[in-house]
Structures are given as structure tokens and as C-alpha cells.
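Here is the file input38.cif (mmCIF, C-alpha atoms).
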data_my_file
#
loop_
_atom_site.group_PDB
_atom_site.id
_atom_site.type_symbol
_atom_site.label_atom_id
_atom_site.label_comp_id
_atom_site.auth_asym_id
_atom_site.auth_seq_id
_atom_site.Cartn_x
_atom_site.Cartn_y
_atom_site.Cartn_z
ATOM 1 C CA VAL P 320 107.753 117.171 82.773
ATOM 2 C CA ASP P 321 105.577 119.274 80.484
ATOM 3 C CA VAL P 322 105.129 122.901 81.523
ATOM 4 C CA ALA P 323 101.393 122.326 81.927
ATOM 5 C CA SER P 324 101.662 119.122 83.929
ATOM 6 C CA VAL P 325 100.607 118.323 87.451
ATOM 7 C CA VAL P 326 103.732 116.857 89.022
ATOM 8 C CA LYS P 327 103.426 113.683 91.058
ATOM 9 C CA MET P 328 106.308 111.710 92.596
ATOM 10 C CA ASP P 329 105.728 108.429 94.388
ATOM 11 C CA ALA P 330 108.088 106.675 96.845
ATOM 12 C CA SER P 331 105.511 104.256 98.248
ATOM 13 C CA LEU P 332 107.488 101.147 97.218
ATOM 14 C CA SER P 333 110.226 102.076 99.688
ATOM 15 C CA TYR P 334 110.827 99.512 102.436
ATOM 16 C CA ASP P 335 113.143 98.772 105.343
ATOM 17 C CA PRO P 336 115.588 95.997 104.295
ATOM 18 C CA SER P 337 115.996 94.845 107.895
ATOM 19 C CA SER P 338 112.339 94.569 108.917
ATOM 20 C CA SER P 339 108.885 94.233 107.420
ATOM 21 C CA THR P 340 107.168 95.822 110.422
ATOM 22 C CA ASN P 341 109.074 99.070 111.026
ATOM 23 C CA SER P 342 107.052 102.146 110.125
ATOM 24 C CA LEU P 343 108.714 104.596 107.739
ATOM 25 C CA THR P 344 108.655 108.369 107.549
ATOM 26 C CA PHE P 345 109.095 110.351 104.321
ATOM 27 C CA VAL P 346 110.414 113.842 103.751
ATOM 28 C CA TRP P 347 110.371 115.476 100.292
ATOM 29 C CA THR P 348 112.402 118.672 99.805
ATOM 30 C CA CYS P 349 113.366 120.840 96.837
ATOM 31 C CA GLU P 350 117.139 121.408 96.526
ATOM 32 C CA SER P 351 117.681 123.408 93.329
ATOM 33 C CA GLY P 352 115.727 124.935 90.462
ATOM 34 C CA CYS P 353 112.924 125.400 92.934
ATOM 35 C CA ALA P 354 111.803 128.777 91.585
ATOM 36 C CA SER P 355 110.679 127.045 88.395
ATOM 37 C CA ALA P 356 108.338 124.974 90.518
ATOM 38 C CA ASN P 357 107.261 128.006 92.549
ATOM 39 C CA VAL P 358 108.639 126.548 95.787
ATOM 40 C CA ALA P 359 111.447 127.738 98.050
ATOM 41 C CA VAL P 360 114.842 126.052 98.230
ATOM 42 C CA GLY P 361 114.752 123.597 101.115
ATOM 43 C CA ALA P 362 110.964 123.693 101.261
ATOM 44 C CA ARG P 363 109.434 120.565 102.696
ATOM 45 C CA LEU P 364 106.822 119.450 100.178
ATOM 46 C CA SER P 365 105.427 116.380 101.888
ATOM 47 C CA THR P 366 105.924 114.027 104.820
ATOM 48 C CA GLY P 367 104.195 111.151 103.029
ATOM 49 C CA PRO P 368 105.420 108.796 100.291
ATOM 50 C CA ILE P 369 103.625 110.740 97.536
ATOM 51 C CA VAL P 370 104.096 114.378 96.657
ATOM 52 C CA GLN P 371 101.959 116.156 94.094
ATOM 53 C CA PHE P 372 101.871 119.820 93.187
ATOM 54 C CA GLN P 373 100.590 122.151 90.487
ATOM 55 C CA PRO P 374 103.495 124.420 89.447
ATOM 56 C CA ARG P 375 102.651 127.926 88.317
ATOM 57 C CA ALA P 376 105.992 129.191 87.050
ATOM 58 C CA LEU P 377 107.832 126.401 85.269
ATOM 59 C CA THR P 378 110.435 127.504 82.753
ATOM 60 C CA ALA P 379 111.129 125.280 79.756
ATOM 61 C CA GLY P 380 114.702 124.010 79.758
ATOM 62 C CA SER P 381 115.143 124.176 83.526
ATOM 63 C CA ILE P 382 115.968 121.246 85.796
ATOM 64 C CA ILE P 383 114.476 120.872 89.262
ATOM 65 C CA ARG P 384 116.206 118.750 91.876
ATOM 66 C CA PHE P 385 114.272 117.080 94.680
ATOM 67 C CA ARG P 386 115.382 114.768 97.461
ATOM 68 C CA ILE P 387 113.345 112.114 99.227
ATOM 69 C CA VAL P 388 114.580 110.885 102.613
ATOM 70 C CA VAL P 389 113.025 107.696 103.989
ATOM 71 C CA SER P 390 113.776 106.761 107.581
ATOM 72 C CA ASN P 391 112.788 104.616 110.512
ATOM 73 C CA SER P 392 113.621 105.296 114.148
ATOM 74 C CA ALA P 393 117.325 104.472 113.680
ATOM 75 C CA LYS P 394 118.370 104.685 110.025
ATOM 76 C CA SER P 395 117.589 106.590 106.842
ATOM 77 C CA GLY P 396 118.173 106.469 103.117
ATOM 78 C CA SER P 397 117.774 109.094 100.415
ATOM 79 C CA GLN P 398 117.304 109.410 96.682
ATOM 80 C CA VAL P 399 117.667 112.415 94.389
ATOM 81 C CA VAL P 400 115.010 112.998 91.742
ATOM 82 C CA TYR P 401 115.598 115.297 88.762
ATOM 83 C CA LEU P 402 112.743 116.791 86.752
ATOM 84 C CA SER P 403 113.554 118.245 83.337
ATOM 85 C CA VAL P 404 111.082 120.872 82.156
ATOM 86 C CA VAL P 405 110.247 120.881 78.452
ATOM 87 C CA ASP P 406 107.825 122.777 76.260
ATOM 88 C CA GLY P 407 105.946 120.493 73.935
ATOM 89 C CA ASP P 408 104.149 117.193 73.781
ATOM 90 C CA VAL P 409 106.097 114.599 75.731
ATOM 91 C CA PRO P 410 104.957 111.043 74.933
ATOM 92 C CA THR P 411 102.845 109.457 77.634
ATOM 93 C CA ILE P 412 104.474 106.236 78.852
ATOM 94 C CA LEU P 413 102.870 103.472 80.903
ATOM 95 C CA ILE P 414 104.377 100.129 81.962
ATOM 96 C CA GLN P 415 102.468 97.242 83.493
ATOM 97 C CA PRO P 416 103.393 93.607 84.198
ATOM 98 C CA VAL P 417 100.606 91.365 82.916
ATOM 99 C CA GLY P 418 98.975 89.029 85.420
ATOM 100 C CA THR P 419 101.329 89.647 88.349
ATOM 101 C CA PRO P 420 100.296 91.743 91.375
ATOM 102 C CA ASN P 421 102.585 94.168 93.185
ATOM 103 C CA ASN P 422 105.285 93.916 90.480
ATOM 104 C CA ILE P 423 106.487 90.542 91.761
ATOM 105 C CA ILE P 424 107.218 87.820 89.220
ATOM 106 C CA SER P 425 108.139 84.157 89.385
ATOM 107 C CA ALA P 426 111.551 82.922 88.256
ATOM 108 C CA SER P 427 109.892 79.813 86.791
ATOM 109 C CA ARG P 428 107.263 81.464 84.575
ATOM 110 C CA ASP P 429 107.478 83.735 81.550
ATOM 111 C CA THR P 430 106.134 87.199 82.360
ATOM 112 C CA THR P 431 104.857 89.766 79.885
ATOM 113 C CA ILE P 432 105.690 93.412 80.554
ATOM 114 C CA ARG P 433 103.355 95.623 78.533
ATOM 115 C CA GLY P 434 104.301 99.157 77.596
ATOM 116 C CA TYR P 435 102.189 101.920 76.147
ATOM 117 C CA SER P 436 103.429 105.050 74.402
ATOM 118 C CA SER P 437 101.250 107.783 72.961
ATOM 119 C CA SER P 438 103.836 108.266 70.204
ATOM 120 C CA GLY P 439 103.855 104.602 69.212
ATOM 121 C CA ASN P 440 107.602 103.935 69.397
ATOM 122 C CA TYR P 441 109.513 102.094 72.103
ATOM 123 C CA ARG P 442 113.007 101.455 73.442
ATOM 124 C CA TRP P 443 113.571 99.203 76.452
ATOM 125 C CA THR P 444 116.528 98.993 78.834
ATOM 126 C CA ILE P 445 117.014 96.709 81.840
ATOM 127 C CA SER P 446 119.157 97.046 84.950
ATOM 128 C CA SER P 447 119.208 95.159 88.234
ATOM 129 C CA THR P 448 120.455 95.371 91.782
ATOM 130 C CA ILE P 449 123.444 93.231 90.769
ATOM 131 C CA ASP P 450 124.071 94.569 87.258
ATOM 132 C CA SER P 451 123.747 98.237 86.333
ATOM 133 C CA GLN P 452 123.003 97.447 82.682
ATOM 134 C CA VAL P 453 121.640 94.012 81.874
ATOM 135 C CA ALA P 454 121.668 92.929 78.242
ATOM 136 C CA ILE P 455 118.049 92.505 77.209
ATOM 137 C CA ALA P 456 118.845 89.246 75.413
ATOM 138 C CA ASN P 457 120.028 87.738 78.715
ATOM 139 C CA VAL P 458 116.711 88.288 80.466
ATOM 140 C CA ALA P 459 113.980 88.993 77.942
ATOM 141 C CA ARG P 460 112.783 88.216 74.468
ATOM 142 C CA PRO P 461 111.402 91.339 72.807
ATOM 143 C CA ARG P 462 109.676 90.748 69.516
ATOM 144 C CA THR P 463 111.824 93.683 68.500
ATOM 145 C CA LEU P 464 113.750 96.171 70.624
ATOM 146 C CA THR P 465 110.978 98.631 69.757
ATOM 147 C CA SER P 466 108.110 96.332 70.681
ATOM 148 C CA ALA P 467 105.347 97.432 73.012
ATOM 149 C CA GLU P 468 105.678 94.144 74.911
ATOM 150 C CA LEU P 469 108.699 92.626 76.586
ATOM 151 C CA LEU P 470 108.684 88.926 77.500
ATOM 152 C CA ILE P 471 110.742 88.241 80.631
ATOM 153 C CA LEU P 472 111.927 84.671 80.240
ATOM 154 C CA ALA P 473 111.607 81.964 82.883
ATOM 155 C CA GLY P 474 114.950 80.795 84.217
ATOM 156 C CA LYS P 475 116.784 83.888 82.959
ATOM 157 C CA ARG P 476 116.674 86.008 86.118
ATOM 158 C CA GLU P 477 117.847 85.418 89.657
ATOM 159 C CA GLU P 478 115.521 84.832 92.586
ATOM 160 C CA GLY P 479 115.426 87.695 95.066
ATOM 161 C CA VAL P 480 116.882 90.212 92.606
ATOM 162 C CA SER P 481 115.072 93.429 91.654
ATOM 163 C CA TYR P 482 115.121 94.457 87.999
ATOM 164 C CA THR P 483 114.360 97.949 86.742
ATOM 165 C CA LEU P 484 112.685 98.071 83.344
ATOM 166 C CA ALA P 485 112.851 101.443 81.645
ATOM 167 C CA LEU P 486 110.945 102.438 78.528
ATOM 168 C CA GLU P 487 111.644 105.475 76.357
ATOM 169 C CA SER P 488 109.625 106.884 73.508
ATOM 170 C CA VAL P 489 110.390 109.800 71.183
ATOM 171 C CA ALA P 490 107.683 112.151 69.936
ATOM 172 C CA SER P 491 107.831 112.348 66.144
ATOM 173 C CA SER P 492 106.674 115.967 66.077
ATOM 174 C CA SER P 493 109.043 117.473 68.642
ATOM 175 C CA ALA P 494 111.745 114.832 69.267
ATOM 176 C CA LEU P 495 110.958 115.096 72.985
ATOM 177 C CA VAL P 496 111.614 111.905 74.935
ATOM 178 C CA GLY P 497 109.149 110.381 77.362
ATOM 179 C CA ARG P 498 110.455 107.959 79.983
ATOM 180 C CA ALA P 499 108.986 105.606 82.543
ATOM 181 C CA SER P 500 110.327 102.750 84.612
ATOM 182 C CA ILE P 501 109.172 100.095 87.057
ATOM 183 C CA SER P 502 110.985 97.852 89.488
ATOM 184 C CA ILE P 503 110.053 94.178 89.530
ATOM 185 C CA LEU P 504 111.134 91.689 92.181
ATOM 186 C CA VAL P 505 111.832 88.076 91.216
ATOM 187 C CA GLY P 506 110.103 86.002 93.843
ATOM 188 C CA VAL P 507 111.923 83.586 96.130
ATOM 189 C CA PRO P 508 110.097 80.242 96.559
ATOM 190 C CA PRO P 509 108.878 79.100 99.970
ATOM 191 C CA SER P 510 111.369 76.827 101.716
ATOM 192 C CA GLY P 511 111.983 74.808 104.874
ATOM 193 C CA GLY P 512 108.707 72.884 104.879
ATOM 194 C CA ASP P 513 108.157 69.268 105.839
ATOM 195 C CA VAL P 514 105.358 66.756 105.346
ATOM 196 C CA ASP P 515 104.060 64.175 107.821
ATOM 197 C CA ILE P 516 101.513 61.447 107.132
ATOM 198 C CA THR P 517 99.664 59.087 109.473
ATOM 199 C CA PRO P 518 99.135 56.214 109.813
ATOM 200 C CA SER P 519 102.304 54.715 108.331
ATOM 201 C CA SER P 520 100.432 51.851 106.674
ATOM 202 C CA GLY P 521 96.965 51.010 105.441
ATOM 203 C CA LEU P 522 94.778 49.979 102.542
ATOM 204 C CA PRO P 523 94.539 51.843 99.236
ATOM 205 C CA MET P 524 91.192 53.577 98.616
ATOM 206 C CA SER P 525 90.094 52.605 102.132
ATOM 207 C CA THR P 526 92.391 53.988 104.835
ATOM 208 C CA LEU P 527 92.026 57.721 105.417
ATOM 209 C CA PHE P 528 95.528 59.144 105.730
ATOM 210 C CA GLY P 529 96.099 62.433 107.529
ATOM 211 C CA ILE P 530 98.656 64.821 106.057
ATOM 212 C CA VAL P 531 100.126 67.793 107.920
ATOM 213 C CA THR P 532 102.657 70.190 106.439
ATOM 214 C CA SER P 533 104.491 72.861 108.436
ATOM 215 C CA GLY P 534 107.676 74.880 108.730
ATOM 216 C CA TRP P 535 107.346 76.796 105.461
ATOM 217 C CA VAL P 536 109.270 80.052 105.382
ATOM 218 C CA THR P 537 108.502 82.985 103.104
ATOM 219 C CA HIS P 538 111.640 84.816 102.018
ATOM 220 C CA MET P 539 112.190 88.041 103.972
ATOM 221 C CA ASP P 540 112.478 90.139 100.816
ATOM 222 C CA MET P 541 108.982 89.044 99.839
ATOM 223 C CA LYS P 542 107.570 89.968 103.255
ATOM 224 C CA LYS P 543 109.154 93.415 103.082
ATOM 225 C CA ARG P 544 107.720 94.151 99.665
ATOM 226 C CA LEU P 545 104.303 92.799 100.605
ATOM 227 C CA SER P 546 103.868 94.306 104.057
ATOM 228 C CA THR P 547 101.064 96.563 102.789
ATOM 229 C CA ALA P 548 99.883 94.400 99.891
ATOM 230 C CA GLN P 549 96.478 92.826 99.508
ATOM 231 C CA PHE P 550 98.074 89.397 99.081
ATOM 232 C CA ASN P 551 99.325 87.450 102.091
ATOM 233 C CA PRO P 552 102.733 85.947 101.241
ATOM 234 C CA ASP P 553 102.189 83.225 103.857
ATOM 235 C CA VAL P 554 99.105 81.806 102.095
ATOM 236 C CA LEU P 555 100.445 78.883 100.085
ATOM 237 C CA THR P 556 98.990 76.380 97.636
ATOM 238 C CA PHE P 557 100.190 72.835 98.245
ATOM 239 C CA THR P 558 100.326 70.447 95.291
ATOM 240 C CA LEU P 559 100.592 66.714 95.971
ATOM 241 C CA TYR P 560 102.037 63.923 93.862
ATOM 242 C CA HIS P 561 102.494 60.266 94.752
ATOM 243 C CA VAL P 562 105.035 57.675 93.705
ATOM 244 C CA PHE P 563 104.697 53.890 94.043
ATOM 245 C CA SER P 564 107.825 51.962 95.030
ATOM 246 C CA ASP P 565 108.791 48.502 96.200
ATOM 247 C CA LEU P 566 109.399 47.879 99.887
ATOM 248 C CA SER P 567 113.108 48.676 99.488
ATOM 249 C CA GLY P 568 112.229 52.182 98.299
ATOM 250 C CA THR P 569 113.001 51.724 94.610
ATOM 251 C CA PRO P 570 110.434 53.758 92.593
ATOM 252 C CA ILE P 571 108.113 51.747 90.390
ATOM 253 C CA THR P 572 106.182 54.659 88.859
ATOM 254 C CA SER P 573 106.888 58.296 88.029
ATOM 255 C CA PRO P 574 105.179 61.006 90.146
ATOM 256 C CA ARG P 575 101.451 61.311 89.504
ATOM 257 C CA LEU P 576 99.307 64.278 90.472
ATOM 258 C CA LEU P 577 96.898 63.831 93.391
ATOM 259 C CA GLY P 578 95.586 67.404 93.654
ATOM 260 C CA SER P 579 96.090 70.812 95.277
ATOM 261 C CA THR P 580 94.883 72.537 98.434
ATOM 262 C CA THR P 581 95.533 75.643 100.501
ATOM 263 C CA SER P 582 94.994 73.743 103.767
ATOM 264 C CA ALA P 583 98.084 72.695 105.764
ATOM 265 C CA SER P 584 96.179 69.771 107.343
ATOM 266 C CA PHE P 585 93.872 67.431 105.429
ATOM 267 C CA ASN P 586 92.895 63.802 104.824
ATOM 268 C CA ILE P 587 93.229 61.794 101.625
ATOM 269 C CA LEU P 588 92.677 58.317 100.225
ATOM 270 C CA LEU P 589 95.676 56.879 98.402
ATOM 271 C CA PRO P 590 95.146 55.141 95.056
ATOM 272 C CA ALA P 591 95.883 51.458 94.488
ATOM 273 C CA CYS P 592 98.673 50.174 92.298
ATOM 274 C CA LEU P 593 97.761 47.602 89.671
ATOM 275 C CA PRO P 594 99.155 44.100 90.338
ATOM 276 C CA ALA P 595 100.726 44.134 86.888
ATOM 277 C CA ILE P 596 102.841 47.103 88.009
ATOM 278 C CA CYS P 597 103.437 46.583 91.737
ATOM 279 C CA GLY P 598 102.911 42.832 92.081
ATOM 280 C CA SER P 599 100.465 40.943 94.285
ATOM 281 C CA GLY P 600 102.044 41.724 97.647
ATOM 282 C CA SER P 601 102.465 44.859 99.737
ATOM 283 C CA TYR P 602 104.111 47.902 98.204
ATOM 284 C CA ALA P 603 105.037 51.410 99.254
ATOM 285 C CA SER P 604 103.850 54.887 98.367
ATOM 286 C CA LYS P 605 105.376 58.278 99.067
ATOM 287 C CA ILE P 606 103.839 61.750 98.827
ATOM 288 C CA LEU P 607 105.786 64.555 97.156
ATOM 289 C CA MET P 608 104.599 68.081 97.971
ATOM 290 C CA THR P 609 105.408 71.503 96.517
ATOM 291 C CA ALA P 610 104.373 74.863 97.956
ATOM 292 C CA THR P 611 103.492 77.778 95.670
ATOM 293 C CA ASP P 612 102.939 81.329 96.886
ATOM 294 C CA ALA P 613 100.473 83.887 95.512
ATOM 295 C CA TYR P 614 103.059 85.114 92.992
ATOM 296 C CA GLY P 615 103.803 81.770 91.360
ATOM 297 C CA SER P 616 107.107 80.924 93.069
ATOM 298 C CA THR P 617 107.191 77.165 93.690
ATOM 299 C CA SER P 618 109.369 75.201 96.103
ATOM 300 C CA ALA P 619 111.324 72.053 95.361
ATOM 301 C CA ASP P 620 109.637 68.697 96.022
ATOM 302 C CA VAL P 621 109.374 67.783 99.709
ATOM 303 C CA PRO P 622 108.851 64.037 100.331
ATOM 304 C CA SER P 623 106.720 62.498 103.045
ATOM 305 C CA PRO P 624 107.666 59.410 105.040
ATOM 306 C CA THR P 625 107.037 56.155 103.173
ATOM 307 C CA ILE P 626 103.601 54.544 103.558
ATOM 308 C CA ILE P 627 103.155 50.759 103.274
ATOM 309 C CA LEU P 628 100.042 49.725 101.377
ATOM 310 C CA SER P 629 98.542 46.223 101.461
ATOM 311 C CA PRO P 630 96.599 44.891 98.479
#
Encoding of this model in C-alpha cells:
Amino acid sequence: VDVASVVKMDASLSYDPSSSTNSLTFVWTCESGCASANVAVGARLSTGPIVQFQPRALTAGSIIRFRIVVSNSAKSGSQVVYLSVVDGDVPTILIQPVGTPNNIISASRDTTIRGYSSSGNYRWTISSTIDSQVAIANVARPRTLTSAELLILAGKREEGVSYTLALESVASSSALVGRASISILVGVPPSGGDVDITPSSGLPMSTLFGIVTSGWVTHMDMKKRLSTAQFNPDVLTFTLYHVFSDLSGTPITSPRLLGSTTSASFNILLPACLPAICGSGSYASKILMTATDAYGSTSADVPSPTIILSP
């Protein structure tokens, strides 16, 4: 913290790990070094997730200790926050995931984390809820360790795990270090869904088949993080593929894309299979469906019952 700064601390990403609906209360207090911030020891600064104040008597070199207690009606958790007061130009640091809302990323897509430093130099570190110091090479591909951008690689992080990305930058004029960090959650794909199709037989490009999908479950960790978000974690995009097979169920073709929809109930016409591929008699078709949430996490294929098609 620079001696001329307005101090702002934000605990709004806090959530209850046992429920997405419990309301939380916040209490910020100053525990030590409070005179430098012109507040009394034990003073309650805020009962909301964000505290902001304009200090009038900061002393360079001092350290101020704050505590945030977050609680529901039955349980509470706390975190200590230390502010180091310096005199000089501390580099301004910003971190932002590119193209992912609410700091949630997909395990199956590369994600760019973009940093900005007013001093122009960068040093990244990564930790997680299961590893206090993750080797960058195991999760990301920086162009260099001092690059402004960090590429978080698909398939290199675990679903449901939170990663903390920290960025440091050193001012060339004063050697003061600026720091910032963000927590990103690796999304957990929807699961538990099934697909039904009626009727069980018909004519290609003629019979209108009705498809209903249900039972999809959004991982609880996602609901907790998104309880106040603009994006509804239960709104899914369903992508459909079809496979032709013989009447014994042996596939004849590889999966082919039919299309995507956000509706859980819809009608479709099924394509015909060429006689040169499926023969001149009846053959079978099966729908494969995936569900993708607003953050890019995609389920495994879910098959429908087999449909018999007559030429």
C-alpha cells in the first residue's frame, strides 16, 4: 500500500461450502498497526464484504493487520490480511482471465490469463487448494516466466479445484514490489443426464422424432460460486450427434454433428443413410448428446435409445 492510497479490501468471493443459499455476514476489524491507518485496535470497519477507507496517518515501513470473519447462522471462517506501507511508486498490477466470466474456466479449453504491470516486468506463481506451490510448467505455458500473459493449458488442471495465480512486478526506480492475485475455479462438467427419443422407429427425413433430456446436475461447487452471478449455471447447451449402425448395434459410421440447442425438449428429423453405406434394408440410428454449461465445461457423451429407420 502506498502512503497516499485509498485502501480497499474485497471478500465478496467468499461462499458457504455447504450451501449455495445461506446468507453470509462479514465483519472487518483491525488487529495491529491500526494507528498507522488512523483506526482503533479492534475497530469494526465494515459489516459488508468490501471495506474501503482513506487513511490519514500512514507511516512508511509499518504493517497493518486486519481480520475478516465470514459467517452464517451456525459456522464462521476467518482470514488475516496484512498491509505493508511503503513510500514510493508501487507498480500497479491487474490480472484478468480472458473470455471467462466470474473467474471460472473449463478444464477442456486453454485459457489466457492477462496481467498488466505499470513497471512492465512480471513474475507469476501458482498455487491451488490441493498444492501450495504448483510448478507453472505443470499447469501453464508462459511465453516466458516474465510474460504479461499466462496460458493455462487444457487438461493440465483438475476439475473442481481452485487455483490462485499471483503476479509480482518490481519498480525499476525504487525496487518496490507490487503484487496482485486472483482465484480461478476449474469448472466441473454437468453430469447425470439422460436422453429419451420417441417414437422408437420411423422414416428418415420424414418422421418427426421428439427428444427430451433431463436429470442434468450442476456441480455444487459451481452453484456456490455462481449464487450471485449473472450467469445461470443450470442453463445448458445441448449438442447432438448421430451414429448409424446395423440392427445388431454395430456402428457403421462415426458420430456426425446434428446441431445444438438450449431447449431440453425438441423435435428433429433424422438423416438417411446411403444404401452404399447401410444397405437396402432397415438400419439403426442413435443420438449422442453432450451438455455444456455457460463456462465451457462439457459432459461426456450420453446415448439415446436406438431408433430403427426404414428406407
### Query
Written as a PyMOL selection string, which residues does the PyMOL selection byres ((chain P and resi 471-476) around 6) give for the file shown?
chain P and resi 426-430+458-459+470+477
### Task
On this file, the PyMOL selection byres ((chain P and resi 533) around 6) gives some set of residues; write that set as a PyMOL selection string.
chain P and resi 512-513+532+534-535
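What separates CA of Pro410 (chain P) from CA of Val496 (chain P) is a distance of 6.7 Å.
If you measure from each of P:Ser342, P:Asn586, P:Thr366, P:Thr572 to Ile516 (chain P) using only C-alpha atoms, the closest one turns out to be P:Asn586.
If you apply the PyMOL selection byres ((chain P and resi 480) around 12) to this structure, you end up with Ile423, Ile424, Ser425, Ala426, Ser446, Ser447, Thr448, Ile449, Asp450, Lys475, Arg476, Glu477, Glu478, Gly479, Ser481, Tyr482, Thr483, Ser502, Ile503, Leu504, Val505, Gly506, Val507, Asp540 and Met541 of chain P.
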Write the residues you've just listed into a file as a JSON list (two decimals), keeping the file's coordinate frame, and include C-alpha atoms for each of them.
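File produced: part23.json:
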[["chain", "number", "residue", "atom", "x", "y", "z"],
["P", 423, "ILE", "CA", 106.49, 90.54, 91.76],
["P", 424, "ILE", "CA", 107.22, 87.82, 89.22],
["P", 425, "SER", "CA", 108.14, 84.16, 89.38],
["P", 426, "ALA", "CA", 111.55, 82.92, 88.26],
["P", 446, "SER", "CA", 119.16, 97.05, 84.95],
["P", 447, "SER", "CA", 119.21, 95.16, 88.23],
["P", 448, "THR", "CA", 120.46, 95.37, 91.78],
["P", 449, "ILE", "CA", 123.44, 93.23, 90.77],
["P", 450, "ASP", "CA", 124.07, 94.57, 87.26],
["P", 475, "LYS", "CA", 116.78, 83.89, 82.96],
["P", 476, "ARG", "CA", 116.67, 86.01, 86.12],
["P", 477, "GLU", "CA", 117.85, 85.42, 89.66],
["P", 478, "GLU", "CA", 115.52, 84.83, 92.59],
["P", 479, "GLY", "CA", 115.43, 87.70, 95.07],
["P", 481, "SER", "CA", 115.07, 93.43, 91.65],
["P", 482, "TYR", "CA", 115.12, 94.46, 88.00],
["P", 483, "THR", "CA", 114.36, 97.95, 86.74],
["P", 502, "SER", "CA", 110.98, 97.85, 89.49],
["P", 503, "ILE", "CA", 110.05, 94.18, 89.53],
["P", 504, "LEU", "CA", 111.13, 91.69, 92.18],
["P", 505, "VAL", "CA", 111.83, 88.08, 91.22],
["P", 506, "GLY", "CA", 110.10, 86.00, 93.84],
["P", 507, "VAL", "CA", 111.92, 83.59, 96.13],
["P", 540, "ASP", "CA", 112.48, 90.14, 100.82],
["P", 541, "MET", "CA", 108.98, 89.04, 99.84]]
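The coordinates place CA of Ile382 (chain P) at 12.6 Å from CA of Asp406 (chain P).
Considering all atoms listed in the file, the residue among P:Gly615, P:Pro570, P:Gly600, P:Gly439 positioned nearest to Leu555 (chain P) is P:Gly615.
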### Query
Nearest to Ile596 (chain P): which of P:Thr556, P:Ser436, P:Ser579, P:Ser564 is it, counting all atoms listed in the file?
P:Ser564
#### Entry: Spatial neighbours of Ser520 (chain P), max dist 7 Å, all atoms listed in the file, sep filter under 5 positions, as a list in words
Ile626, Ile627 and Leu628 of chain P
Go ahead and save the residues from that selection, with C-alpha atoms, as a compact mmCIF listing (two decimals), in the coordinates of the input.
# COMPACT_ATOMS: atom_id res chain seq x y z
CA ILE P 626 103.60 54.54 103.56
CA ILE P 627 103.16 50.76 103.27
CA LEU P 628 100.04 49.72 101.38
